[in-house]
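Enquirer: Dumping the structure here so I can ask a few things about it.
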Amino acid sequence: MAEQGFSVSPTGASFVMHHSDPFIDDVSADSSAEFPDRTSMMEVRLQAQEDEITLLKSSLADALRRIRLHDQLLPLLKQQLIAGGIHGKARKKRVSESTLNYCKVTNDQLSSYPVNPGAARVLNQVCCSDGCTSSRRLSSSSGNCALSQTGCGCVFIVAFLFLFYPCLPGQSIKMFIRGRPITMYIPSNIQNYEDLKMEPPSEKLELDWVYGYRGRDCRANLYFLPTGEAVYFIACVIVLYHINNRTQRHYRKHTDCVRCLTVHPDRVRVASGQTAGVDKDGKPLQPCVHIWDSTTLVTLQQIGLGTFQRGVGSVAFSFDSGAFLCVIDDSNEHMLSVWDCNKGTKHAEVKSTNEAVFAVEFNPSDSTNIITCGKSHVYFWTLSAGQFTKKQGIFGKYKKPKFIQCFVFSLTGDVLTGDSEGNILTWGKSTFQIMRQTRAHEGSVFTLCTLQGGALLSGGGKDRKIIRWSADLAPEREREIPEKFGAVRTIADVDGEEILVGTTRNAILRGTFSDGFVAIVQGHVDEMWGLATHPSQNIFITCGHDKQVCLWNTEEHKLEWCINLEYGLCAGFCPNGSVVSVGLSTGRWLVVDLQTREVVSESTDGNEQLSVMRYSPDGSFLAVGSHDNFIYIYSVTENGRRYNRFGKCNGHSSFITHLDWSKDGKYIMSNSGDYEILYWDIAAGCKLLRNRFESKDREWASYTCVLGFHVMGVWLEGSDGTDINALCRSHSERMVAVADDFCKVHLFQYPCPKPKAPSHKYDGHGSHVTNVCFTHSDSHLLSMGGKDTCILQWKVVGGSAGDSRDRLASVSSSSTSSPEPVTT
């Protein structure tokens with residue numbers, strides 16, 4: 001076979017172009033944080049073992065498939081031989097050379113043969129291996145590839161190759177992922193593949209809306225600005241949400257997940273710290289703190305790049321003029337450092353503690369005094385001449401709590417701490433001892449907030465209560481937030497009466513003690529995978545490990561409803577838009593009515609997690625892809641409310657990852673965990689199509705399979721096969737969005753069938769991007785993070801009219817003839 005243009009990599013993704021026999025290529029393709037160093041080594045070894053096991057399983061499955069294929073074709077082969085007049089006695093006869101062509105042929109002669117050149121090349125290797133001489137020849141009269149009488153002992157091989165292989169040469173591209181060859185056939189309308197021009201799409205993405213809030217594991221990360229905006233963060237994005245206008249602005253200069261946030265005394269400047277993260281090669285990225293203007297979103301300073309380890313856990317401005325910034329990093333010693341905000345230089349640094357640190361603040365009346373708290377400690381620091389001295393808070397007769405969760409300063413200068421025992425402790429401003437203990441909440445006191453006039457707000461964990469206290473810590477009012485929102489994580493004062501509440505279930509509530517609280521921001525609280533957009537409305541569905549199935553409105557930017565089920569991993573809307581199917585982690589799948597939110601149908605396929613739910617274009621079938629290697633097909637009636645098992649696609653040697661229906665609803669293309677591309681004839685009874693060459697010109701109603709000729713260019717050189725989690729073609733068939741394992745969303749031209757295809761790349765997510773999906777009108781793209789629990793809504797801007805098929809054939813149309821097959 002001739003290989004052109006690209007090098008072969010044994011471990012990553014690489015590409016080889018072939019001008020060859022499609023059947024021969026098809027057969028060959030089917031037959032083949034605490035201890036970072038130690039942890040990384042073990043992960044590499046584990047991944048290598050998993051890859052080896054996957055390839056071994058795939059090879060075994062390929063061998064079994066070939067045996068089954070041989071068993072199926074053998075009876076047909078015998079019938080052909082009998083019909084051609086071949087029987088035992090005739091096999092011993094010689095055939096005259098005048099009616100036969102030579103079995104032994106040269107590469108130069110292949111192009112003149114009416115038979116399959118790839119089959120002839122195979123005959124060179126096998127036909128005379130048992131002592132046959134070159135006088136054994138094949139009949140190819142009239143171009144029919146008919147087998148004549150011969151005494152060759154390899155007659156069955158000869159008959160098999162010439163009767164059942166296609167007789168036309170074809171072109172294919174072979175892509176290698178971790179040493180496994182993946183063959184993809186070039187469509188008929190492409191005549192000059194080498195001349196195809198790959199360009200970025202004319203369309204681009206702009207961040208339109210951010211769904212979610214990081215309240216589950218972060219503290220003091222919600223503030224109210226004079227502009228009427230609430231400022232908070234999730235993933236790598238800091239959101240400025242105007243509460244009354246219901247608009248968002250976004251600060252997006254961070255390169256990894258934001259961990260902490262504080263507002264300058266001028267209430268304009270903001271400081272935000274991020275975690276370290278890693279790049280796509282696994283190398284750590286340097287954490288830092290950004291100081292930026294909340295009005296213009298311009299970065300004013302970048303603090304500590306190359307200084308902090310692992311990440312930035314807490315930040316605080318000094319209260320005098322905000323000239324200094326205090327930072328605590330996430331290193332083992334939790335380094336405490338003070339920085340000059342204007343110069344960006346470090347003023348002092350000291351090791352804090354080996355225990356977790358939750359909060360840091362300057363003393364409002366003296367910027368040389370700093371307080372930190374965390375696991376089993378309260379430390380009082382004094383900074384003098386660039387050196388720190390530390391005094392530990394003395395608990396004395398009071399029980400030492402496991403955690404000091406938060407603290408504030410009273411008007412008198414005393415320090416008030418909230419702890420895991422549910423108490424508010426009052427510490428003397430000069431004695432470092434407890435002066436008073438006030439019982440406040442059942443469970444932890446997660447947050448404290450001072451109001452104008454000296455009043456205090458406290459937020460509880462277990463009891464979910466918000467309590468207002470007088471300046472002398474007498475309880476005045478209290479309110480319990482709904483259980484579905486979790487515990488109170490942080491409180492922000494709006495105007496002395498109205499407050500904002502951030503919760504542990506990633507919600508932000510707005511309200512008063514009199515009127516109660518309503519959610520203005522909501523989100524998932526655990527890893528998400530399932531995403532689907534409605535076929536005709538501006539709504540979409542999400543599901544994940546938090547057992548929530550949520551319906552969102554892209555126009556009003558709000559959560560329409562949420563129901564609790566099991567772990568949801570995939571979802572798909574019925575084309576009529578009235579119901580949505582949700583695949584769960586246990587093999588169960590449910591069909592939910594969008595209006596009533598009731599489960600109208602329920603089934604179970606296997607006992608492993610489901611990965612794909614995909615309806616046929618007309619809604620008459622539902623395909624369910626499972627981790628048990630099967631695709632289950634159901635017939636759909638009664639407008640998506642009744643389902644009956646139609647068949648099962650059996651042939652993949654690993655779990656199903658993606659699948660798509662053809663536009664006529666008769667065929668399915670599917671991918672699996674060991675990088676297979678298989679095609680199925682559903683109308684013929686879920687039959688596996690052995691010759692994948694025949695599907696090269698088939699049109700697909702959707703394109704979400706990450707492996708296929710039309711999207712081959714989305715794979716980077718060296719990809720390991722898991723680097724791309726999801727892919728979605730736009731309804732206009734002009735662009736394709738890709739979700740990768742490195743926190744990025746890519747926008748490619750569709751189709752993009754050549755390696756190293758250029759794309760637009762977008763940041764924002766703080767973990768692997770698990771899914772992407774266009775809205776029905778292609779006006780927006782939804783992307784979903786995994787561990788960052790963030791949903792980003794991107795607006796599609798730019799672009800021009802046109803059809804992808806015209807684009808694909810535009811270069812080929814300039815040529816009038818197909819390229820000659822390349823031989824070796």
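Ordered as shown in the structure tokens, chains take letters A, B, and onward, while each chain numbers its residues from 1 and ligands are numbered from 1 in the order shown.
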Excluding same-chain residues fewer than 3 positions from range 212-214 of chain A, what lies within 10 Å of it counting only C-alpha atoms, as a PDB file with N, CA, C and O atoms, in the first residue's frame?
Expert:
```
ATOM      1  N   TRP A 209     -23.838  33.702  28.317  1.00  0.00           N
ATOM      2  CA  TRP A 209     -24.398  33.510  29.660  1.00  0.00           C
ATOM      3  C   TRP A 209     -23.672  32.368  30.364  1.00  0.00           C
ATOM      4  O   TRP A 209     -23.207  31.422  29.707  1.00  0.00           O
ATOM      5  N   ASP A 217     -17.810  24.382  47.680  1.00  0.00           N
ATOM      6  CA  ASP A 217     -16.542  24.224  48.378  1.00  0.00           C
ATOM      7  C   ASP A 217     -15.739  25.514  48.471  1.00  0.00           C
ATOM      8  O   ASP A 217     -14.537  25.473  48.730  1.00  0.00           O
ATOM      9  N   CYS A 218     -16.374  26.673  48.263  1.00  0.00           N
ATOM     10  CA  CYS A 218     -15.682  27.953  48.384  1.00  0.00           C
ATOM     11  C   CYS A 218     -16.426  28.870  49.346  1.00  0.00           C
ATOM     12  O   CYS A 218     -17.648  28.784  49.483  1.00  0.00           O
ATOM     13  N   ARG A 219     -15.682  29.747  49.997  1.00  0.00           N
ATOM     14  CA  ARG A 219     -16.241  30.646  51.004  1.00  0.00           C
ATOM     15  C   ARG A 219     -16.041  32.101  50.581  1.00  0.00           C
ATOM     16  O   ARG A 219     -15.148  32.410  49.808  1.00  0.00           O
ATOM     17  N   ASN A 221     -17.304  34.269  48.611  1.00  0.00           N
ATOM     18  CA  ASN A 221     -17.107  34.505  47.178  1.00  0.00           C
ATOM     19  C   ASN A 221     -18.324  35.143  46.525  1.00  0.00           C
ATOM     20  O   ASN A 221     -18.565  34.963  45.334  1.00  0.00           O
ATOM     21  N   LEU A 222     -19.089  35.920  47.308  1.00  0.00           N
ATOM     22  CA  LEU A 222     -20.264  36.603  46.772  1.00  0.00           C
ATOM     23  C   LEU A 222     -20.304  38.014  47.351  1.00  0.00           C
ATOM     24  O   LEU A 222     -20.336  38.197  48.573  1.00  0.00           O
ATOM     25  N   TYR A 232     -19.509  37.063  41.506  1.00  0.00           N
ATOM     26  CA  TYR A 232     -19.225  35.718  41.997  1.00  0.00           C
ATOM     27  C   TYR A 232     -18.489  34.970  40.893  1.00  0.00           C
ATOM     28  O   TYR A 232     -18.260  35.508  39.804  1.00  0.00           O
ATOM     29  N   PHE A 233     -18.116  33.722  41.133  1.00  0.00           N
ATOM     30  CA  PHE A 233     -17.362  32.991  40.121  1.00  0.00           C
ATOM     31  C   PHE A 233     -17.811  31.545  40.031  1.00  0.00           C
ATOM     32  O   PHE A 233     -18.413  30.977  40.938  1.00  0.00           O
ATOM     33  N   ILE A 234     -17.494  30.965  38.890  1.00  0.00           N
ATOM     34  CA  ILE A 234     -17.625  29.527  38.654  1.00  0.00           C
ATOM     35  C   ILE A 234     -16.669  29.171  37.521  1.00  0.00           C
ATOM     36  O   ILE A 234     -16.499  29.954  36.574  1.00  0.00           O
ATOM     37  N   ALA A 235     -16.013  28.039  37.643  1.00  0.00           N
ATOM     38  CA  ALA A 235     -14.995  27.618  36.679  1.00  0.00           C
ATOM     39  C   ALA A 235     -13.926  28.707  36.559  1.00  0.00           C
ATOM     40  O   ALA A 235     -13.429  29.190  37.568  1.00  0.00           O
ATOM     41  N   ILE A 238     -15.419  34.916  36.156  1.00  0.00           N
ATOM     42  CA  ILE A 238     -16.025  35.724  37.215  1.00  0.00           C
ATOM     43  C   ILE A 238     -17.209  36.459  36.605  1.00  0.00           C
ATOM     44  O   ILE A 238     -17.077  37.162  35.600  1.00  0.00           O
ATOM     45  N   VAL A 239     -18.364  36.273  37.205  1.00  0.00           N
ATOM     46  CA  VAL A 239     -19.619  36.789  36.662  1.00  0.00           C
ATOM     47  C   VAL A 239     -20.023  38.049  37.413  1.00  0.00           C
ATOM     48  O   VAL A 239     -19.983  38.089  38.643  1.00  0.00           O
ATOM     49  N   VAL A 258     -11.134  29.691  39.294  1.00  0.00           N
ATOM     50  CA  VAL A 258     -11.033  30.728  40.310  1.00  0.00           C
ATOM     51  C   VAL A 258     -11.418  30.127  41.658  1.00  0.00           C
ATOM     52  O   VAL A 258     -12.391  29.382  41.763  1.00  0.00           O
ATOM     53  N   ARG A 259     -10.627  30.439  42.684  1.00  0.00           N
ATOM     54  CA  ARG A 259     -10.834  29.844  44.002  1.00  0.00           C
ATOM     55  C   ARG A 259     -11.268  30.848  45.064  1.00  0.00           C
ATOM     56  O   ARG A 259     -11.862  30.473  46.074  1.00  0.00           O
ATOM     57  N   GLY A 502     -25.411  32.819  49.165  1.00  0.00           N
ATOM     58  CA  GLY A 502     -24.832  31.728  48.385  1.00  0.00           C
ATOM     59  C   GLY A 502     -24.935  30.439  49.165  1.00  0.00           C
ATOM     60  O   GLY A 502     -24.683  30.419  50.381  1.00  0.00           O
ATOM     61  N   THR A 503     -25.308  29.344  48.509  1.00  0.00           N
ATOM     62  CA  THR A 503     -25.569  28.091  49.215  1.00  0.00           C
ATOM     63  C   THR A 503     -24.608  26.985  48.771  1.00  0.00           C
ATOM     64  O   THR A 503     -23.936  27.087  47.754  1.00  0.00           O
ATOM     65  N   THR A 504     -24.601  25.921  49.560  1.00  0.00           N
ATOM     66  CA  THR A 504     -23.716  24.787  49.280  1.00  0.00           C
ATOM     67  C   THR A 504     -24.188  23.959  48.093  1.00  0.00           C
ATOM     68  O   THR A 504     -23.453  23.092  47.618  1.00  0.00           O
ATOM     69  N   ARG A 505     -25.410  24.171  47.627  1.00  0.00           N
ATOM     70  CA  ARG A 505     -25.881  23.483  46.435  1.00  0.00           C
ATOM     71  C   ARG A 505     -25.852  24.416  45.222  1.00  0.00           C
ATOM     72  O   ARG A 505     -26.673  24.341  44.319  1.00  0.00           O
ATOM     73  N   ASN A 506     -24.847  25.289  45.231  1.00  0.00           N
ATOM     74  CA  ASN A 506     -24.517  26.132  44.074  1.00  0.00           C
ATOM     75  C   ASN A 506     -25.674  26.989  43.595  1.00  0.00           C
ATOM     76  O   ASN A 506     -25.923  27.104  42.389  1.00  0.00           O
ATOM     77  N   ALA A 507     -26.372  27.603  44.545  1.00  0.00           N
ATOM     78  CA  ALA A 507     -27.455  28.530  44.213  1.00  0.00           C
ATOM     79  C   ALA A 507     -27.188  29.867  44.889  1.00  0.00           C
ATOM     80  O   ALA A 507     -26.537  29.937  45.942  1.00  0.00           O
ATOM     81  N   ILE A 508     -27.680  30.937  44.270  1.00  0.00           N
ATOM     82  CA  ILE A 508     -27.660  32.266  44.877  1.00  0.00           C
ATOM     83  C   ILE A 508     -29.106  32.708  45.062  1.00  0.00           C
ATOM     84  O   ILE A 508     -29.893  32.714  44.104  1.00  0.00           O
ATOM     85  N   VAL A 521     -29.840  32.467  40.836  1.00  0.00           N
ATOM     86  CA  VAL A 521     -28.824  31.685  40.132  1.00  0.00           C
ATOM     87  C   VAL A 521     -28.898  30.264  40.651  1.00  0.00           C
ATOM     88  O   VAL A 521     -28.961  30.043  41.862  1.00  0.00           O
ATOM     89  N   GLN A 522     -28.916  29.296  39.724  1.00  0.00           N
ATOM     90  CA  GLN A 522     -28.916  27.890  40.109  1.00  0.00           C
ATOM     91  C   GLN A 522     -27.992  27.105  39.200  1.00  0.00           C
ATOM     92  O   GLN A 522     -27.676  27.544  38.090  1.00  0.00           O
ATOM     93  N   GLY A 523     -27.580  25.935  39.674  1.00  0.00           N
ATOM     94  CA  GLY A 523     -26.691  25.110  38.875  1.00  0.00           C
ATOM     95  C   GLY A 523     -26.617  23.698  39.411  1.00  0.00           C
ATOM     96  O   GLY A 523     -27.179  23.379  40.461  1.00  0.00           O
ATOM     97  N   HIS A 524     -25.915  22.845  38.688  1.00  0.00           N
ATOM     98  CA  HIS A 524     -25.663  21.487  39.148  1.00  0.00           C
ATOM     99  C   HIS A 524     -24.608  21.512  40.256  1.00  0.00           C
ATOM    100  O   HIS A 524     -23.854  22.493  40.412  1.00  0.00           O
ATOM    101  N   VAL A 525     -24.532  20.417  41.006  1.00  0.00           N
ATOM    102  CA  VAL A 525     -23.599  20.357  42.127  1.00  0.00           C
ATOM    103  C   VAL A 525     -22.605  19.208  41.999  1.00  0.00           C
ATOM    104  O   VAL A 525     -21.842  18.950  42.923  1.00  0.00           O
ATOM    105  N   ASP A 788     -16.347  21.119  37.007  1.00  0.00           N
ATOM    106  CA  ASP A 788     -16.568  22.532  37.326  1.00  0.00           C
ATOM    107  C   ASP A 788     -18.049  22.883  37.445  1.00  0.00           C
ATOM    108  O   ASP A 788     -18.399  23.998  37.830  1.00  0.00           O
ATOM    109  N   THR A 789     -18.934  21.929  37.109  1.00  0.00           N
ATOM    110  CA  THR A 789     -20.402  22.074  37.232  1.00  0.00           C
ATOM    111  C   THR A 789     -20.913  23.328  36.526  1.00  0.00           C
ATOM    112  O   THR A 789     -21.895  23.921  36.951  1.00  0.00           O
ATOM    113  N   CYS A 790     -20.275  23.713  35.457  1.00  0.00           N
ATOM    114  CA  CYS A 790     -20.582  24.978  34.783  1.00  0.00           C
ATOM    115  C   CYS A 790     -21.177  24.724  33.406  1.00  0.00           C
ATOM    116  O   CYS A 790     -20.686  23.870  32.658  1.00  0.00           O
ATOM    117  N   ILE A 791     -22.211  25.460  33.061  1.00  0.00           N
ATOM    118  CA  ILE A 791     -22.789  25.452  31.721  1.00  0.00           C
ATOM    119  C   ILE A 791     -22.544  26.819  31.107  1.00  0.00           C
ATOM    120  O   ILE A 791     -22.941  27.843  31.670  1.00  0.00           O
ATOM    121  N   LEU A 792     -21.881  26.846  29.961  1.00  0.00           N
ATOM    122  CA  LEU A 792     -21.621  28.091  29.252  1.00  0.00           C
ATOM    123  C   LEU A 792     -22.493  28.156  28.003  1.00  0.00           C
ATOM    124  O   LEU A 792     -22.574  27.191  27.251  1.00  0.00           O
TER     125      LEU A 792
END
```
Enquirer: If we count only C-alpha atoms, what is near Ala220 in chain A at a cut-off of 10 Å, once residues fewer than 4 positions away on the same chain are taken out, given as a PyMOL selection string?
Expert: chain A and resi 215+232+260-262+314+358-359+406+446-449+489-492+502
Enquirer: Keeping only N, CA and C atoms, write those residues as a tab-separated table (two decimals), in the first residue's frame.
Expert:
```
chain	number	residue	atom	x	y	z
A	215	GLY	N	-20.50	27.38	45.06
A	215	GLY	CA	-20.73	27.57	46.48
A	215	GLY	C	-20.46	26.34	47.31
A	232	TYR	N	-19.51	37.06	41.51
A	232	TYR	CA	-19.22	35.72	42.00
A	232	TYR	C	-18.49	34.97	40.89
A	260	CYS	N	-10.95	32.14	44.89
A	260	CYS	CA	-11.26	33.11	45.93
A	260	CYS	C	-11.46	34.49	45.30
A	261	LEU	N	-12.06	35.38	46.09
A	261	LEU	CA	-12.48	36.68	45.55
A	261	LEU	C	-12.61	37.66	46.72
A	262	THR	N	-12.22	38.91	46.49
A	262	THR	CA	-12.45	39.96	47.48
A	262	THR	C	-12.59	41.29	46.75
A	314	SER	N	-7.00	32.12	49.62
A	314	SER	CA	-7.66	33.26	50.26
A	314	SER	C	-6.92	34.54	49.90
A	358	PHE	N	-8.99	28.77	56.06
A	358	PHE	CA	-10.26	29.10	55.41
A	358	PHE	C	-10.43	30.58	55.10
A	359	ALA	N	-9.82	31.46	55.90
A	359	ALA	CA	-10.07	32.89	55.72
A	359	ALA	C	-8.88	33.70	56.21
A	406	CYS	N	-15.12	30.94	59.86
A	406	CYS	CA	-15.19	32.30	59.35
A	406	CYS	C	-14.97	33.28	60.51
A	446	PHE	N	-21.27	28.75	58.98
A	446	PHE	CA	-20.47	28.83	57.76
A	446	PHE	C	-20.05	30.26	57.40
A	447	THR	N	-20.85	31.24	57.77
A	447	THR	CA	-20.54	32.60	57.33
A	447	THR	C	-21.05	33.62	58.34
A	448	LEU	N	-20.35	34.74	58.42
A	448	LEU	CA	-20.73	35.90	59.22
A	448	LEU	C	-20.63	37.13	58.34
A	449	CYS	N	-21.57	38.07	58.51
A	449	CYS	CA	-21.59	39.28	57.70
A	449	CYS	C	-22.03	40.45	58.58
A	489	ARG	N	-23.81	29.19	52.63
A	489	ARG	CA	-22.36	29.22	52.51
A	489	ARG	C	-21.81	30.63	52.71
A	490	THR	N	-22.44	31.64	52.14
A	490	THR	CA	-21.96	33.01	52.28
A	490	THR	C	-23.13	33.98	52.14
A	491	ILE	N	-22.98	35.17	52.74
A	491	ILE	CA	-24.02	36.19	52.74
A	491	ILE	C	-23.42	37.51	52.27
A	492	ALA	N	-24.16	38.23	51.41
A	492	ALA	CA	-23.74	39.56	50.96
A	492	ALA	C	-24.86	40.55	51.22
A	502	GLY	N	-25.41	32.82	49.16
A	502	GLY	CA	-24.83	31.73	48.38
A	502	GLY	C	-24.93	30.44	49.16
```
Enquirer: Go through A:Val278, A:Leu46, A:Leu610, A:Val549 and flag the residue nearest Leu565 in chain A, using only C-alpha atoms for the distances.
Expert: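 Among the listed residues, A:Val549 lies closest to Leu565 in chain A.
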Enquirer: Near Phe324 in chain A, counting only C-alpha atoms, which residues have an atom at most 12 Å away, once you skip same-chain residues fewer than 2 positions from it, shown as a PyMOL selection string?
Expert: chain A and resi 264-265+271+291+303+315-322+326-327+337-348+361-362+367-368+370
Enquirer: Could you save the residues just selected, with C-alpha atoms, as a CSV table (one decimal), in the first residue's frame?
Expert:
```csv
chain,number,residue,atom,x,y,z
A,264,HIS,CA,-11.3,46.6,47.4
A,265,PRO,CA,-12.5,49.3,49.9
A,271,ALA,CA,-8.8,40.7,43.5
A,291,ILE,CA,-6.4,42.7,40.4
A,303,ILE,CA,0.3,39.3,41.5
A,315,VAL,CA,-7.1,37.0,49.5
A,316,ALA,CA,-7.8,40.2,51.3
A,317,PHE,CA,-7.2,43.9,50.8
A,318,SER,CA,-6.0,46.2,53.6
A,319,PHE,CA,-8.8,48.5,54.9
A,320,ASP,CA,-6.9,51.8,55.0
A,321,SER,CA,-6.6,52.6,51.3
A,322,GLY,CA,-6.4,49.1,49.9
A,326,CYS,CA,-2.7,39.5,51.7
A,327,VAL,CA,-2.6,36.1,50.0
A,337,SER,CA,2.3,36.9,51.9
A,338,VAL,CA,1.6,40.6,51.7
A,339,TRP,CA,1.9,42.4,48.4
A,340,ASP,CA,2.1,46.1,47.3
A,341,CYS,CA,-1.0,46.4,45.0
A,342,ASN,CA,0.3,49.3,43.0
A,343,LYS,CA,3.8,47.9,42.3
A,344,GLY,CA,2.9,44.2,42.3
A,345,THR,CA,5.9,43.4,44.5
A,346,LYS,CA,6.0,41.1,47.6
A,347,HIS,CA,6.4,43.0,50.9
A,348,ALA,CA,6.7,40.0,53.3
A,361,GLU,CA,-8.4,39.5,56.8
A,362,PHE,CA,-6.5,42.7,57.7
A,367,SER,CA,-3.1,47.2,58.6
A,368,THR,CA,-0.1,45.7,60.4
A,370,ILE,CA,-3.7,40.2,60.1
```
Enquirer: Can you measure CA of Tyr241 in chain A to CA of Val445 in chain A for me? One decimal in Å is fine.
Expert: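 Distance between the two atoms: 26.8 Å.
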Enquirer: Provide the CA of Val745 in chain A to CA of Cys288 in chain A distance in Å, to one decimal place.
Expert: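 CA of Cys288 in chain A lies at a distance of 23.3 Å from CA of Val745 in chain A.
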Enquirer: Do you know which residues are at most 7 Å from range 727-733 of chain A counting only C-alpha atoms, after dropping those on the same chain fewer than 5 positions away, and could you put them as a list in words?
Expert: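 Those residues are Ser702, Tyr703, Thr704, Cys705, Val706, Val738, Ala739, Tyr750, Val772, Cys773, Phe774, Asp778, Asp803 and Ser804 of chain A.
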Enquirer: Any idea what's packed within 9 Å of Ser662 in chain A, counting only C-alpha atoms, ignoring anything in its chain fewer than 4 positions away? Could you give it as a list in words?
Expert: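 Counting only the stated atoms, we get Ser616, Pro617, Lys666, Tyr667, Ile668, Met669, Arg698, Glu699, Trp700, Ala701 and Ser702 of chain A.
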Enquirer: Convert the current residue selection to file output with N, CA, C and O atoms, as a PDB file, in the first residue's frame.
Expert:
```pdb
ATOM      1  N   SER A 616     -34.425   8.581  15.853  1.00  0.00           N
ATOM      2  CA  SER A 616     -34.316   8.696  14.405  1.00  0.00           C
ATOM      3  C   SER A 616     -34.962  10.006  13.958  1.00  0.00           C
ATOM      4  O   SER A 616     -35.754  10.599  14.700  1.00  0.00           O
ATOM      5  N   PRO A 617     -34.634  10.511  12.761  1.00  0.00           N
ATOM      6  CA  PRO A 617     -35.137  11.833  12.338  1.00  0.00           C
ATOM      7  C   PRO A 617     -36.654  11.973  12.376  1.00  0.00           C
ATOM      8  O   PRO A 617     -37.160  13.050  12.691  1.00  0.00           O
ATOM      9  N   LYS A 666     -32.693   4.907   8.232  1.00  0.00           N
ATOM     10  CA  LYS A 666     -32.529   3.467   8.033  1.00  0.00           C
ATOM     11  C   LYS A 666     -31.212   2.938   8.584  1.00  0.00           C
ATOM     12  O   LYS A 666     -31.084   1.735   8.823  1.00  0.00           O
ATOM     13  N   TYR A 667     -30.238   3.818   8.773  1.00  0.00           N
ATOM     14  CA  TYR A 667     -28.900   3.358   9.146  1.00  0.00           C
ATOM     15  C   TYR A 667     -28.394   4.107  10.376  1.00  0.00           C
ATOM     16  O   TYR A 667     -28.832   5.225  10.679  1.00  0.00           O
ATOM     17  N   ILE A 668     -27.434   3.490  11.032  1.00  0.00           N
ATOM     18  CA  ILE A 668     -26.773   4.100  12.191  1.00  0.00           C
ATOM     19  C   ILE A 668     -25.269   3.999  12.010  1.00  0.00           C
ATOM     20  O   ILE A 668     -24.760   2.980  11.536  1.00  0.00           O
ATOM     21  N   MET A 669     -24.566   5.060  12.372  1.00  0.00           N
ATOM     22  CA  MET A 669     -23.109   5.052  12.492  1.00  0.00           C
ATOM     23  C   MET A 669     -22.780   5.159  13.977  1.00  0.00           C
ATOM     24  O   MET A 669     -23.377   5.968  14.688  1.00  0.00           O
ATOM     25  N   ARG A 698     -23.093   8.152   2.525  1.00  0.00           N
ATOM     26  CA  ARG A 698     -24.364   8.258   3.239  1.00  0.00           C
ATOM     27  C   ARG A 698     -24.442   9.598   3.975  1.00  0.00           C
ATOM     28  O   ARG A 698     -23.456  10.084   4.520  1.00  0.00           O
ATOM     29  N   GLU A 699     -25.622  10.199   3.995  1.00  0.00           N
ATOM     30  CA  GLU A 699     -25.820  11.477   4.671  1.00  0.00           C
ATOM     31  C   GLU A 699     -26.436  11.234   6.043  1.00  0.00           C
ATOM     32  O   GLU A 699     -27.344  10.411   6.191  1.00  0.00           O
ATOM     33  N   TRP A 700     -25.956  12.010   7.029  1.00  0.00           N
ATOM     34  CA  TRP A 700     -26.337  11.778   8.421  1.00  0.00           C
ATOM     35  C   TRP A 700     -27.162  12.935   8.958  1.00  0.00           C
ATOM     36  O   TRP A 700     -26.849  14.102   8.746  1.00  0.00           O
ATOM     37  N   ALA A 701     -28.228  12.583   9.656  1.00  0.00           N
ATOM     38  CA  ALA A 701     -29.141  13.586  10.192  1.00  0.00           C
ATOM     39  C   ALA A 701     -28.455  14.436  11.253  1.00  0.00           C
ATOM     40  O   ALA A 701     -28.733  15.629  11.390  1.00  0.00           O
ATOM     41  N   SER A 702     -27.592  13.822  12.034  1.00  0.00           N
ATOM     42  CA  SER A 702     -26.769  14.536  13.007  1.00  0.00           C
ATOM     43  C   SER A 702     -25.353  14.002  12.866  1.00  0.00           C
ATOM     44  O   SER A 702     -25.129  12.955  12.268  1.00  0.00           O
TER      45      SER A 702
END
```
Enquirer: Excluding same-chain residues fewer than 2 positions from Ile682 in chain A, what lies within 10 Å of it counting only C-alpha atoms, as a VMD selection string?
Expert: chain A and resid 621 623 633 646 to 649 661 665 to 668 679 to 680 684 to 688
Enquirer: I need the residue nearest Arg216 in chain A from this list: A:Phe403, A:Phe308, A:Trp427, A:Phe485. Use only C-alpha atoms for the distance.
Expert: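 Selected residue with least distance to Arg216 in chain A: A:Phe485.
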Enquirer: Give the answer as one residue: which of A:Gln609, A:Ser331, A:Gln302, A:Ser188 has the shortest atom-to-atom distance to Ser695 in chain A, using only C-alpha atoms?
Expert: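 Checking each candidate against Ser695 in chain A, we get A:Ser188 as the closest.
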Enquirer: Could you please determine the separation between CA of Glu483 in chain A and CA of Gly583 in chain A in Å, to one decimal place?
Expert: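 Computed distance, CA of Glu483 in chain A to CA of Gly583 in chain A, equals 26.6 Å.
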Enquirer: For Val591 in chain A, which residue out of A:Lys390, A:Arg641, A:His652, A:Lys558 is the nearest one, using only C-alpha atoms?
Expert: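 Under the stated criterion, the closest residue is A:Arg641.
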Enquirer: Rank A:Asp697, A:Gln537, A:Ala726, A:Tyr398 by their smallest atom-to-atom distance to Ile190 in chain A, using only C-alpha atoms, and report the top residue only.
Expert: A:Asp697
Enquirer: Could you check the closest approach to Asp723 in chain A for each of A:Leu456, A:Ala48, A:Val210, A:Ile177 and tell me which residue wins, using only C-alpha atoms?
Expert: A:Ile177
